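All remarks here apply to the structure that follows.
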Amino acid sequence: MLLTPRTPAPRARFTPSRRRKAGALLASAVSVCLLAASAPAAPLGVGDRLFPHLGNPGYDVAAYDLSFTYPGTNSKPLQAVTTIDAWTTASLDRVNLDFAHGKVDSVEVDGEPATFTSAGEDLVVTPEDPLPEGSWMRVTVRHTSDPVSDEDREGGWVRTADGLAMANQADVAHLVFPCNDHPSDKAMFTIRVTAPKGYTAVANGLPTGVDRAGRATTWTYRTQHPMATELAQVSIGRSTVLRRSGPHGLPVRDVVPTKDRERLEPWLKKTPDQIAWMEGKVGPYPFETYGLLMADADTGFELETQTLSLFEKNLFTEPGYPEWHVDSIMVHELAHQWFGNSVSPRTWSDLWLNEGHATWYEALYAEEKAERPMEARMKAAYGASDRWRAAGGPPAAPKVPDPGQKISIFRPNVYDGAALALYALRQEIGRPAFERLERAWVTRHRDGVASTADFVGLAEEISGRELGGFFEGWLYGEKTPPMPGHPDWKSAAPQQAPAK
Ligand SMILES: [Zn+2]
């Protein structure tokens, strides 16, 4: 994710009263251990420090099959069927799924009707018979998926001028479909969308079929790589799909409002060269396709949804954004396909691995293509770093999100503050070792999940150095350590920062 730069301050997303209510909701949704069968249904989590209610213990999802029927208006819910194939890692009397917005009509487990109730932001399913550890289960939920937000919870579906898009990061995929909503449980996705005549639907991965029946069309897409729930994308709109070829014949497809296709083309045609540039830095593009989804919506951010990054159309059509800057934002979301998508964070505290690297390649692209020196950007970041750490925590131990604000963990400490830690690492171990580390990271953990400790371990392995003390200061220190090679750089004390 990257917040869209704005001349005016971004619009407030929540009123104070909403914030209080959402805080109470979050506080109640604590993770607890697996319950005895007689205990009341309770929300569970996988123990994420920043989002304790996300994910559920006891199973590992292998595949999601999502079916949405769009009614042709954003004011009514979509009818949906979500089928989850999962492997049990404990014996389960109940199966908790994350799902908090929408009406559930029925649930089946392995084809048999199951009872269900909600607890916090969980849908708690009780199968007829307990499920043994080490077995496959198939849970089918018939439900609605509502693009109209609750008063307290915003996100998931994004209503655009001509339909819908999706923005689930970090914790709102479960407002759209029942799931194990944590990036540590990646799975394969099949996504089907039925929409009335005149609409086009596109989702992550490649198309596998289009069925026209009467006035409705059903599009089916399938991922060829595992994906986290936060990266799911479904676009429904009066759209045109533009196709071109990337490096080694990679299929590139962009989804644009039909009326804007010509004026967006000068931007869209840049993607193949940007992919080639990233491949030159870190190795092969990790997925089966890429492209930009140009949403006619005021999201306030861009988002690296897997294989199809979501952009605010206005970023490209409003004058005032310098071309080099928009280019670097395109590269930011592209870099996430390696850093954050192919290699997912183990916990949300590892978010700096996503955003720090995406910011790194954003800045490196600006340096190489637009003569915006990395060193100047990093010196400025160094100056602000102590202030960012005071406001948001150190890069690898970010402060908890502000209640009710899903994107409030996306603070400068995990963007330029984390890119600064990568710059320090390059200064410390030298450019050749740093570049080997970057390639090794996305190769070793491709299609996987990795943590900050994994990154530290690999950096030590590649550099042949003990780096525990170095990373402790740069990733977890309250104060920014001295910059290797730049002992003169100074960070302004937080109390000296001008009041915002
Ligand atoms: Zn980002």
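Following the order of the structure tokens, chains are lettered A, B, ..., residues in each are numbered from 1, and ligands are numbered from 1.
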Taking 2 positions as the minimum chain separation for residues in the same chain, which residues sit within 10 Å of segment 369-381 of chain A when counting only C-alpha atoms? Answer as a short mmCIF file (atom, residue, chain, number, x, y, z; two decimals) with C-alpha atoms, in the first residue's frame.
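Just written: around_20.cif:
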```cif
data_model
loop_
_atom_site.label_atom_id
_atom_site.label_comp_id
_atom_site.auth_asym_id
_atom_site.auth_seq_id
_atom_site.Cartn_x
_atom_site.Cartn_y
_atom_site.Cartn_z
CA GLU A 323 5.86 12.19 -14.04
CA TRP A 324 8.92 10.79 -12.26
CA HIS A 325 6.95 10.61 -9.04
CA ASP A 327 6.51 6.38 -12.24
CA SER A 328 8.09 5.66 -8.87
CA TRP A 360 13.58 1.09 -1.61
CA GLU A 362 10.61 3.24 -5.63
CA ALA A 363 13.57 5.41 -4.56
CA LEU A 364 16.13 3.43 -6.56
CA TYR A 365 14.04 3.82 -9.71
CA ALA A 366 13.80 7.57 -9.12
CA GLU A 367 17.57 7.68 -8.65
CA GLY A 383 16.59 13.61 9.84
CA ALA A 384 12.98 12.59 10.46
CA SER A 385 13.62 9.04 11.67
CA ASP A 386 13.65 9.62 15.45
CA TRP A 388 8.85 8.68 13.06
CA PRO A 412 6.38 6.68 7.75
CA ASN A 413 8.35 4.39 10.09
CA TYR A 415 8.10 3.30 4.52
CA ASP A 416 11.12 5.62 4.32
CA GLY A 417 11.94 4.74 7.94
CA ALA A 418 12.35 1.09 6.91
CA ALA A 419 14.04 1.90 3.59
CA LEU A 420 16.52 3.83 5.73
CA ALA A 421 17.32 0.61 7.62
CA TYR A 423 20.22 1.77 3.25
CA ALA A 424 22.12 1.36 6.52
CA MET A 483 24.47 5.83 9.83
CA HIS A 486 27.72 9.15 7.36
CA TRP A 489 23.89 12.71 9.74
CA LYS A 490 21.61 13.91 12.54
CA SER A 491 18.06 13.00 13.47
#
```
When DSSP is applied to the backbone of this structure, which of segment 192-426 of chain A are assigned helix (DSSP H, G or I)? Write them out as JSON, numbers by chain. {"A": [229, 230, 231, 247, 248, 249, 258, 259, 260, 261, 262, 263, 264, 265, 266, 267, 268, 271, 272, 273, 274, 275, 276, 277, 278, 279, 280, 281, 282, 314, 315, 316, 317, 323, 324, 325, 326, 327, 328, 329, 330, 331, 332, 333, 334, 335, 336, 348, 349, 350, 351, 352, 353, 354, 355, 356, 357, 358, 359, 360, 361, 362, 363, 364, 365, 366, 367, 368, 369, 370, 374, 375, 376, 377, 378, 379, 380, 381, 382, 383, 384, 385, 386, 387, 388, 389, 390, 391, 392, 412, 413, 414, 416, 417, 418, 419, 420, 421, 422, 423, 424, 425, 426]}
Within 10 Å of ligand 1, counting only C-alpha atoms and all ligand atoms, residues as a PyMOL selection string: chain A and resi 1-3+301-304+329+331-336+339-340+351-352+354-359+362+410+414-415
Would you mind exporting the chosen residues as a PDB file, in the first residue's frame, restricted to N, CA and C atoms?
```
ATOM      1  N   MET A   1       0.847  -1.194   0.000  1.00  0.00           N
ATOM      2  CA  MET A   1       0.000   0.000   0.000  1.00  0.00           C
ATOM      3  C   MET A   1       0.876   1.234   0.000  1.00  0.00           C
ATOM      4  N   LEU A   2       0.387   2.267  -0.655  1.00  0.00           N
ATOM      5  CA  LEU A   2       1.072   3.554  -0.588  1.00  0.00           C
ATOM      6  C   LEU A   2       0.009   4.631  -0.580  1.00  0.00           C
ATOM      7  N   LEU A   3       0.073   5.503   0.409  1.00  0.00           N
ATOM      8  CA  LEU A   3      -0.903   6.582   0.467  1.00  0.00           C
ATOM      9  C   LEU A   3      -0.662   7.531  -0.698  1.00  0.00           C
ATOM     10  N   PHE A 301      -5.219   5.788  -1.541  1.00  0.00           N
ATOM     11  CA  PHE A 301      -4.031   4.926  -1.545  1.00  0.00           C
ATOM     12  C   PHE A 301      -3.991   4.101  -2.814  1.00  0.00           C
ATOM     13  N   GLU A 302      -2.811   3.532  -3.082  1.00  0.00           N
ATOM     14  CA  GLU A 302      -2.680   2.505  -4.117  1.00  0.00           C
ATOM     15  C   GLU A 302      -2.411   1.188  -3.381  1.00  0.00           C
ATOM     16  N   LEU A 303      -2.736   0.074  -4.010  1.00  0.00           N
ATOM     17  CA  LEU A 303      -2.614  -1.201  -3.291  1.00  0.00           C
ATOM     18  C   LEU A 303      -2.154  -2.307  -4.224  1.00  0.00           C
ATOM     19  N   GLU A 304      -1.182  -3.096  -3.727  1.00  0.00           N
ATOM     20  CA  GLU A 304      -0.485  -4.097  -4.543  1.00  0.00           C
ATOM     21  C   GLU A 304      -1.248  -5.409  -4.654  1.00  0.00           C
ATOM     22  N   ILE A 329       5.799   5.561  -8.032  1.00  0.00           N
ATOM     23  CA  ILE A 329       4.685   4.913  -7.321  1.00  0.00           C
ATOM     24  C   ILE A 329       4.276   3.631  -8.048  1.00  0.00           C
ATOM     25  N   VAL A 331       6.286   1.756  -9.663  1.00  0.00           N
ATOM     26  CA  VAL A 331       7.322   0.773  -9.327  1.00  0.00           C
ATOM     27  C   VAL A 331       7.162   0.288  -7.882  1.00  0.00           C
ATOM     28  N   HIS A 332       6.707   1.160  -6.992  1.00  0.00           N
ATOM     29  CA  HIS A 332       6.449   0.745  -5.601  1.00  0.00           C
ATOM     30  C   HIS A 332       5.477  -0.449  -5.583  1.00  0.00           C
ATOM     31  N   GLU A 333       4.338  -0.309  -6.251  1.00  0.00           N
ATOM     32  CA  GLU A 333       3.342  -1.393  -6.221  1.00  0.00           C
ATOM     33  C   GLU A 333       3.852  -2.625  -6.971  1.00  0.00           C
ATOM     34  N   LEU A 334       4.598  -2.399  -8.044  1.00  0.00           N
ATOM     35  CA  LEU A 334       5.192  -3.521  -8.773  1.00  0.00           C
ATOM     36  C   LEU A 334       6.179  -4.278  -7.888  1.00  0.00           C
ATOM     37  N   ALA A 335       7.023  -3.543  -7.153  1.00  0.00           N
ATOM     38  CA  ALA A 335       8.029  -4.188  -6.286  1.00  0.00           C
ATOM     39  C   ALA A 335       7.360  -5.048  -5.216  1.00  0.00           C
ATOM     40  N   HIS A 336       6.167  -4.642  -4.789  1.00  0.00           N
ATOM     41  CA  HIS A 336       5.431  -5.450  -3.804  1.00  0.00           C
ATOM     42  C   HIS A 336       5.092  -6.842  -4.323  1.00  0.00           C
ATOM     43  N   PHE A 339       8.014  -8.381  -2.973  1.00  0.00           N
ATOM     44  CA  PHE A 339       8.187  -8.098  -1.543  1.00  0.00           C
ATOM     45  C   PHE A 339       6.828  -7.795  -0.904  1.00  0.00           C
ATOM     46  N   GLY A 340       6.237  -8.807  -0.295  1.00  0.00           N
ATOM     47  CA  GLY A 340       4.934  -8.622   0.344  1.00  0.00           C
ATOM     48  C   GLY A 340       3.892  -9.574  -0.219  1.00  0.00           C
ATOM     49  N   LEU A 351       5.574  -5.949   8.555  1.00  0.00           N
ATOM     50  CA  LEU A 351       5.138  -5.084   7.455  1.00  0.00           C
ATOM     51  C   LEU A 351       6.289  -4.277   6.843  1.00  0.00           C
ATOM     52  N   TRP A 352       7.299  -3.943   7.680  1.00  0.00           N
ATOM     53  CA  TRP A 352       8.437  -3.163   7.147  1.00  0.00           C
ATOM     54  C   TRP A 352       9.134  -3.893   6.005  1.00  0.00           C
ATOM     55  N   ASN A 354       7.640  -5.518   3.694  1.00  0.00           N
ATOM     56  CA  ASN A 354       6.884  -5.158   2.483  1.00  0.00           C
ATOM     57  C   ASN A 354       7.191  -3.719   2.076  1.00  0.00           C
ATOM     58  N   GLU A 355       6.882  -2.813   3.003  1.00  0.00           N
ATOM     59  CA  GLU A 355       6.896  -1.394   2.642  1.00  0.00           C
ATOM     60  C   GLU A 355       8.310  -0.835   2.531  1.00  0.00           C
ATOM     61  N   GLY A 356       9.228  -1.321   3.368  1.00  0.00           N
ATOM     62  CA  GLY A 356      10.605  -0.849   3.276  1.00  0.00           C
ATOM     63  C   GLY A 356      11.213  -1.195   1.929  1.00  0.00           C
ATOM     64  N   HIS A 357      10.969  -2.428   1.465  1.00  0.00           N
ATOM     65  CA  HIS A 357      11.523  -2.824   0.166  1.00  0.00           C
ATOM     66  C   HIS A 357      10.817  -2.124  -0.994  1.00  0.00           C
ATOM     67  N   ALA A 358       9.497  -2.002  -0.917  1.00  0.00           N
ATOM     68  CA  ALA A 358       8.786  -1.303  -1.996  1.00  0.00           C
ATOM     69  C   ALA A 358       9.266   0.148  -2.080  1.00  0.00           C
ATOM     70  N   THR A 359       9.485   0.766  -0.936  1.00  0.00           N
ATOM     71  CA  THR A 359       9.995   2.141  -0.922  1.00  0.00           C
ATOM     72  C   THR A 359      11.420   2.187  -1.451  1.00  0.00           C
ATOM     73  N   GLU A 362      11.198   1.955  -5.200  1.00  0.00           N
ATOM     74  CA  GLU A 362      10.608   3.236  -5.632  1.00  0.00           C
ATOM     75  C   GLU A 362      11.706   4.315  -5.685  1.00  0.00           C
ATOM     76  N   PHE A 410       0.195   1.993   8.549  1.00  0.00           N
ATOM     77  CA  PHE A 410       0.999   2.383   7.392  1.00  0.00           C
ATOM     78  C   PHE A 410       1.546   3.795   7.618  1.00  0.00           C
ATOM     79  N   VAL A 414       7.439   2.622   8.602  1.00  0.00           N
ATOM     80  CA  VAL A 414       7.573   1.392   7.808  1.00  0.00           C
ATOM     81  C   VAL A 414       7.826   1.681   6.320  1.00  0.00           C
ATOM     82  N   TYR A 415       7.796   2.933   5.923  1.00  0.00           N
ATOM     83  CA  TYR A 415       8.102   3.303   4.525  1.00  0.00           C
ATOM     84  C   TYR A 415       9.557   3.813   4.460  1.00  0.00           C
TER      85      TYR A 415
END
```
In Å, rounded to a single decimal, give me how far atom CA of Ala397 of chain A is from atom CA of Pro487 of chain A.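 We find that atom CA of Pro487 of chain A and atom CA of Ala397 of chain A lie 25.1 Å from each other.
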Skip segment 313-315 of chain A itself and residues of its chain fewer than 6 positions away, then list as an MDAnalysis selection string all residues within 9 Å of it, counting only C-alpha atoms. chainID A and resid 4:5 256:257 264 293:298 321 326
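Atom CA of Thr443 of chain A is found 21.3 Å from atom CA of Asp273 of chain A.
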For atom CA of Leu242 of chain A and atom CA of Trp219 of chain A, quote the distance in Å rounded to one decimal.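 Between these atoms lies a distance of 16.3 Å.
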Backbone-only DSSP, strand (DSSP E or B) members of segment 155-375 of chain A, as an NGL selection string: :A and (156-160 or 163-167 or 179 or 187-196 or 200-203 or 206-213 or 216-222 or 227 or 234-237 or 239-245 or 251-257 or 290 or 292-295 or 301-303 or 309-312 or 339 or 343-345)
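Summary of the local environment: counting only C-alpha atoms, residues at most 9 Å from Arg215 of chain A, other than itself and those fewer than 6 positions away along its chain, are Ala195, Pro196 and Lys197 of chain A.
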With N, CA and C atoms retained, write the just-selected residues as a PDB file, in the first residue's frame.
```
ATOM      1  N   ALA A 195     -22.113 -10.952 -13.547  1.00  0.00           N
ATOM      2  CA  ALA A 195     -22.549  -9.556 -13.594  1.00  0.00           C
ATOM      3  C   ALA A 195     -23.454  -9.347 -14.802  1.00  0.00           C
ATOM      4  N   PRO A 196     -24.326  -8.332 -14.717  1.00  0.00           N
ATOM      5  CA  PRO A 196     -25.232  -8.075 -15.841  1.00  0.00           C
ATOM      6  C   PRO A 196     -24.477  -7.596 -17.077  1.00  0.00           C
ATOM      7  N   LYS A 197     -25.164  -7.650 -18.186  1.00  0.00           N
ATOM      8  CA  LYS A 197     -24.625  -7.170 -19.462  1.00  0.00           C
ATOM      9  C   LYS A 197     -24.074  -5.746 -19.307  1.00  0.00           C
TER      10      LYS A 197
END
```
Residue neighbourhood segment 65-71 of chain A, 7 Å, only C-alpha atoms, exclusion window fewer than 3 positions, as a PyMOL selection string: chain A and resi 78-84+189-195
Export N, CA, C and O atoms of the chosen residues as an mmCIF file, in the first residue's frame?
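This went into again19.cif:
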```cif
data_model
loop_
_atom_site.group_PDB
_atom_site.id
_atom_site.type_symbol
_atom_site.label_atom_id
_atom_site.label_comp_id
_atom_site.auth_asym_id
_atom_site.auth_seq_id
_atom_site.Cartn_x
_atom_site.Cartn_y
_atom_site.Cartn_z
ATOM 1 N N LEU A 78 -24.078 -8.263 -2.817
ATOM 2 C CA LEU A 78 -23.866 -9.330 -3.788
ATOM 3 C C LEU A 78 -24.259 -10.650 -3.132
ATOM 4 O O LEU A 78 -24.054 -10.828 -1.927
ATOM 5 N N GLN A 79 -24.825 -11.561 -3.890
ATOM 6 C CA GLN A 79 -25.015 -12.923 -3.403
ATOM 7 C C GLN A 79 -23.690 -13.653 -3.591
ATOM 8 O O GLN A 79 -23.015 -13.463 -4.608
ATOM 9 N N ALA A 80 -23.299 -14.470 -2.607
ATOM 10 C CA ALA A 80 -21.975 -15.085 -2.680
ATOM 11 C C ALA A 80 -21.983 -16.496 -2.117
ATOM 12 O O ALA A 80 -22.790 -16.827 -1.231
ATOM 13 N N VAL A 81 -21.094 -17.309 -2.671
ATOM 14 C CA VAL A 81 -20.822 -18.638 -2.109
ATOM 15 C C VAL A 81 -19.311 -18.754 -1.955
ATOM 16 O O VAL A 81 -18.567 -18.553 -2.919
ATOM 17 N N THR A 82 -18.865 -19.038 -0.743
ATOM 18 C CA THR A 82 -17.437 -19.220 -0.475
ATOM 19 C C THR A 82 -17.206 -20.663 -0.066
ATOM 20 O O THR A 82 -17.840 -21.157 0.883
ATOM 21 N N THR A 83 -16.330 -21.340 -0.798
ATOM 22 C CA THR A 83 -15.971 -22.720 -0.453
ATOM 23 C C THR A 83 -14.499 -22.766 -0.069
ATOM 24 O O THR A 83 -13.648 -22.256 -0.808
ATOM 25 N N ILE A 84 -14.230 -23.319 1.096
ATOM 26 C CA ILE A 84 -12.872 -23.350 1.640
ATOM 27 C C ILE A 84 -12.436 -24.799 1.794
ATOM 28 O O ILE A 84 -13.121 -25.582 2.465
ATOM 29 N N PHE A 189 -6.615 -19.443 -5.117
ATOM 30 C CA PHE A 189 -7.941 -18.833 -5.257
ATOM 31 C C PHE A 189 -8.520 -19.103 -6.639
ATOM 32 O O PHE A 189 -7.829 -18.954 -7.651
ATOM 33 N N THR A 190 -9.808 -19.486 -6.646
ATOM 34 C CA THR A 190 -10.615 -19.440 -7.857
ATOM 35 C C THR A 190 -11.714 -18.425 -7.591
ATOM 36 O O THR A 190 -12.367 -18.493 -6.542
ATOM 37 N N ILE A 191 -11.874 -17.474 -8.473
ATOM 38 C CA ILE A 191 -12.855 -16.402 -8.249
ATOM 39 C C ILE A 191 -13.775 -16.328 -9.452
ATOM 40 O O ILE A 191 -13.322 -16.218 -10.595
ATOM 41 N N ARG A 192 -15.086 -16.451 -9.185
ATOM 42 C CA ARG A 192 -16.117 -16.363 -10.230
ATOM 43 C C ARG A 192 -16.969 -15.139 -9.971
ATOM 44 O O ARG A 192 -17.371 -14.916 -8.829
ATOM 45 N N VAL A 193 -17.231 -14.387 -10.985
ATOM 46 C CA VAL A 193 -18.076 -13.204 -10.831
ATOM 47 C C VAL A 193 -19.138 -13.227 -11.920
ATOM 48 O O VAL A 193 -18.819 -13.348 -13.104
ATOM 49 N N THR A 194 -20.391 -13.123 -11.500
ATOM 50 C CA THR A 194 -21.494 -13.010 -12.446
ATOM 51 C C THR A 194 -22.017 -11.580 -12.386
ATOM 52 O O THR A 194 -22.271 -11.057 -11.298
ATOM 53 N N ALA A 195 -22.113 -10.952 -13.547
ATOM 54 C CA ALA A 195 -22.549 -9.556 -13.594
ATOM 55 C C ALA A 195 -23.454 -9.347 -14.802
ATOM 56 O O ALA A 195 -23.364 -10.082 -15.795
#
```
Near Glu478 of chain A, within 7 Å and counting only C-alpha atoms, which residues show up once chain neighbours fewer than 2 positions away are dropped, as a PDB file with N, CA and C atoms, in the first residue's frame?
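Output saved as part-v7.pdb:
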```
ATOM      1  N   ARG A 389       9.985   7.207  14.649  1.00  0.00           N
ATOM      2  CA  ARG A 389      10.018   6.120  15.637  1.00  0.00           C
ATOM      3  C   ARG A 389       9.192   6.484  16.863  1.00  0.00           C
ATOM      4  N   PRO A 394       9.546   1.679  16.269  1.00  0.00           N
ATOM      5  CA  PRO A 394      10.632   1.339  15.343  1.00  0.00           C
ATOM      6  C   PRO A 394      10.086   0.474  14.194  1.00  0.00           C
ATOM      7  N   TYR A 476      14.656  -2.250  15.950  1.00  0.00           N
ATOM      8  CA  TYR A 476      13.900  -2.253  17.207  1.00  0.00           C
ATOM      9  C   TYR A 476      14.251  -1.092  18.134  1.00  0.00           C
ATOM     10  N   THR A 480      17.338   6.213  16.305  1.00  0.00           N
ATOM     11  CA  THR A 480      17.995   5.774  15.078  1.00  0.00           C
ATOM     12  C   THR A 480      19.500   5.664  15.316  1.00  0.00           C
TER      13      THR A 480
END
```
Have a look at A:Gly205, A:Gly47, A:Pro482, A:Pro52 and name the one nearest to Phe470 of chain A; count only C-alpha atoms.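 Of the candidates, the smallest distance to Phe470 of chain A is held by A:Pro482.
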Excluding same-chain residues fewer than 2 positions from segment 227-232 of chain A, what lies within 8 Å of it counting only C-alpha atoms, as a PyMOL selection string? chain A and resi 166-173+179-189+203-204+223+225+234+304-306+341-342+344+447
Would you save the residues of that selection, restricted to N, CA, C and O atoms, as a compact mmCIF listing (two decimals), in the first residue's frame?
```
# COMPACT_ATOMS: atom_id res chain seq x y z
N MET A 166 -11.64 -3.99 -4.95
CA MET A 166 -11.42 -4.55 -3.61
C MET A 166 -10.12 -4.00 -3.04
O MET A 166 -9.13 -3.85 -3.76
N ALA A 167 -10.14 -3.70 -1.73
CA ALA A 167 -8.93 -3.26 -1.02
C ALA A 167 -8.99 -3.84 0.39
O ALA A 167 -9.57 -3.24 1.29
N ASN A 168 -8.41 -5.01 0.57
CA ASN A 168 -8.59 -5.76 1.81
C ASN A 168 -7.48 -5.55 2.83
O ASN A 168 -7.59 -6.01 3.97
N GLN A 169 -6.39 -4.92 2.44
CA GLN A 169 -5.27 -4.75 3.36
C GLN A 169 -5.63 -3.75 4.46
O GLN A 169 -6.16 -2.68 4.15
N ALA A 170 -5.34 -4.00 5.74
CA ALA A 170 -4.67 -5.19 6.21
C ALA A 170 -5.66 -6.23 6.72
O ALA A 170 -5.42 -7.43 6.63
N ASP A 171 -6.80 -5.80 7.24
CA ASP A 171 -7.61 -6.71 8.05
C ASP A 171 -9.08 -6.70 7.65
O ASP A 171 -9.94 -6.90 8.51
N VAL A 172 -9.38 -6.50 6.36
CA VAL A 172 -10.79 -6.41 6.00
C VAL A 172 -11.23 -7.35 4.88
O VAL A 172 -12.35 -7.21 4.38
N ALA A 173 -10.41 -8.33 4.50
CA ALA A 173 -10.91 -9.34 3.55
C ALA A 173 -12.15 -10.01 4.14
O ALA A 173 -13.08 -10.37 3.42
N CYS A 179 -13.10 -16.27 5.70
CA CYS A 179 -11.73 -16.69 5.38
C CYS A 179 -10.91 -16.81 6.64
O CYS A 179 -11.36 -16.48 7.74
N ASN A 180 -9.69 -17.29 6.46
CA ASN A 180 -8.68 -17.27 7.52
C ASN A 180 -7.82 -16.05 7.20
O ASN A 180 -6.87 -16.13 6.43
N ASP A 181 -8.21 -14.91 7.79
CA ASP A 181 -7.78 -13.61 7.26
C ASP A 181 -6.44 -13.16 7.84
O ASP A 181 -6.36 -12.15 8.53
N HIS A 182 -5.41 -13.93 7.55
CA HIS A 182 -4.07 -13.56 8.02
C HIS A 182 -3.06 -13.96 6.95
O HIS A 182 -3.16 -15.06 6.39
N PRO A 183 -2.08 -13.10 6.67
CA PRO A 183 -1.16 -13.40 5.55
C PRO A 183 -0.29 -14.64 5.78
O PRO A 183 0.33 -15.12 4.83
N SER A 184 -0.25 -15.16 7.00
CA SER A 184 0.54 -16.37 7.24
C SER A 184 -0.16 -17.62 6.68
O SER A 184 0.47 -18.67 6.61
N ASP A 185 -1.43 -17.51 6.30
CA ASP A 185 -2.14 -18.66 5.70
C ASP A 185 -2.52 -18.32 4.27
O ASP A 185 -3.62 -17.87 3.98
N LYS A 186 -1.57 -18.55 3.36
CA LYS A 186 -1.81 -18.29 1.94
C LYS A 186 -2.49 -19.50 1.31
O LYS A 186 -2.34 -20.63 1.77
N ALA A 187 -3.22 -19.26 0.24
CA ALA A 187 -3.94 -20.35 -0.42
C ALA A 187 -4.14 -20.02 -1.89
O ALA A 187 -3.94 -18.88 -2.31
N MET A 188 -4.56 -21.01 -2.64
CA MET A 188 -4.91 -20.80 -4.04
C MET A 188 -6.34 -20.24 -4.10
O MET A 188 -7.17 -20.56 -3.25
N PHE A 189 -6.61 -19.44 -5.12
CA PHE A 189 -7.94 -18.83 -5.26
C PHE A 189 -8.52 -19.10 -6.64
O PHE A 189 -7.83 -18.95 -7.65
N ALA A 203 -10.33 -10.58 -11.97
CA ALA A 203 -9.83 -10.92 -10.63
C ALA A 203 -8.38 -11.36 -10.74
O ALA A 203 -7.81 -11.42 -11.84
N ASN A 204 -7.78 -11.66 -9.60
CA ASN A 204 -6.38 -12.09 -9.57
C ASN A 204 -6.18 -13.30 -10.47
O ASN A 204 -7.05 -14.17 -10.57
N THR A 223 -5.75 -18.30 -9.61
CA THR A 223 -4.35 -17.96 -9.36
C THR A 223 -3.48 -19.20 -9.61
O THR A 223 -3.92 -20.33 -9.39
N HIS A 225 -0.45 -19.17 -8.16
CA HIS A 225 0.44 -19.12 -6.99
C HIS A 225 -0.41 -18.84 -5.76
O HIS A 225 -1.46 -18.20 -5.87
N VAL A 234 -11.06 -8.10 -6.94
CA VAL A 234 -12.15 -8.32 -7.88
C VAL A 234 -12.58 -6.96 -8.41
O VAL A 234 -12.94 -6.08 -7.63
N GLU A 304 -1.18 -3.10 -3.73
CA GLU A 304 -0.48 -4.10 -4.54
C GLU A 304 -1.25 -5.41 -4.65
O GLU A 304 -0.66 -6.48 -4.52
N THR A 305 -2.57 -5.37 -4.89
CA THR A 305 -3.31 -6.63 -4.99
C THR A 305 -2.64 -7.55 -6.02
O THR A 305 -2.23 -7.10 -7.09
N GLN A 306 -2.57 -8.84 -5.67
CA GLN A 306 -1.65 -9.74 -6.37
C GLN A 306 -1.99 -9.87 -7.85
O GLN A 306 -3.12 -10.19 -8.21
N ASN A 341 4.01 -9.86 -1.53
CA ASN A 341 3.03 -10.75 -2.16
C ASN A 341 3.60 -12.16 -2.35
O ASN A 341 3.10 -13.12 -1.78
N SER A 342 4.65 -12.27 -3.18
CA SER A 342 5.29 -13.58 -3.32
C SER A 342 5.89 -14.01 -1.98
O SER A 342 5.76 -15.16 -1.56
N SER A 344 5.28 -13.28 1.71
CA SER A 344 4.31 -12.64 2.61
C SER A 344 4.88 -12.48 4.00
O SER A 344 5.71 -13.28 4.44
N ASP A 447 6.68 -17.57 -3.00
CA ASP A 447 5.39 -18.22 -2.71
C ASP A 447 5.25 -18.59 -1.23
O ASP A 447 4.42 -19.43 -0.88
```
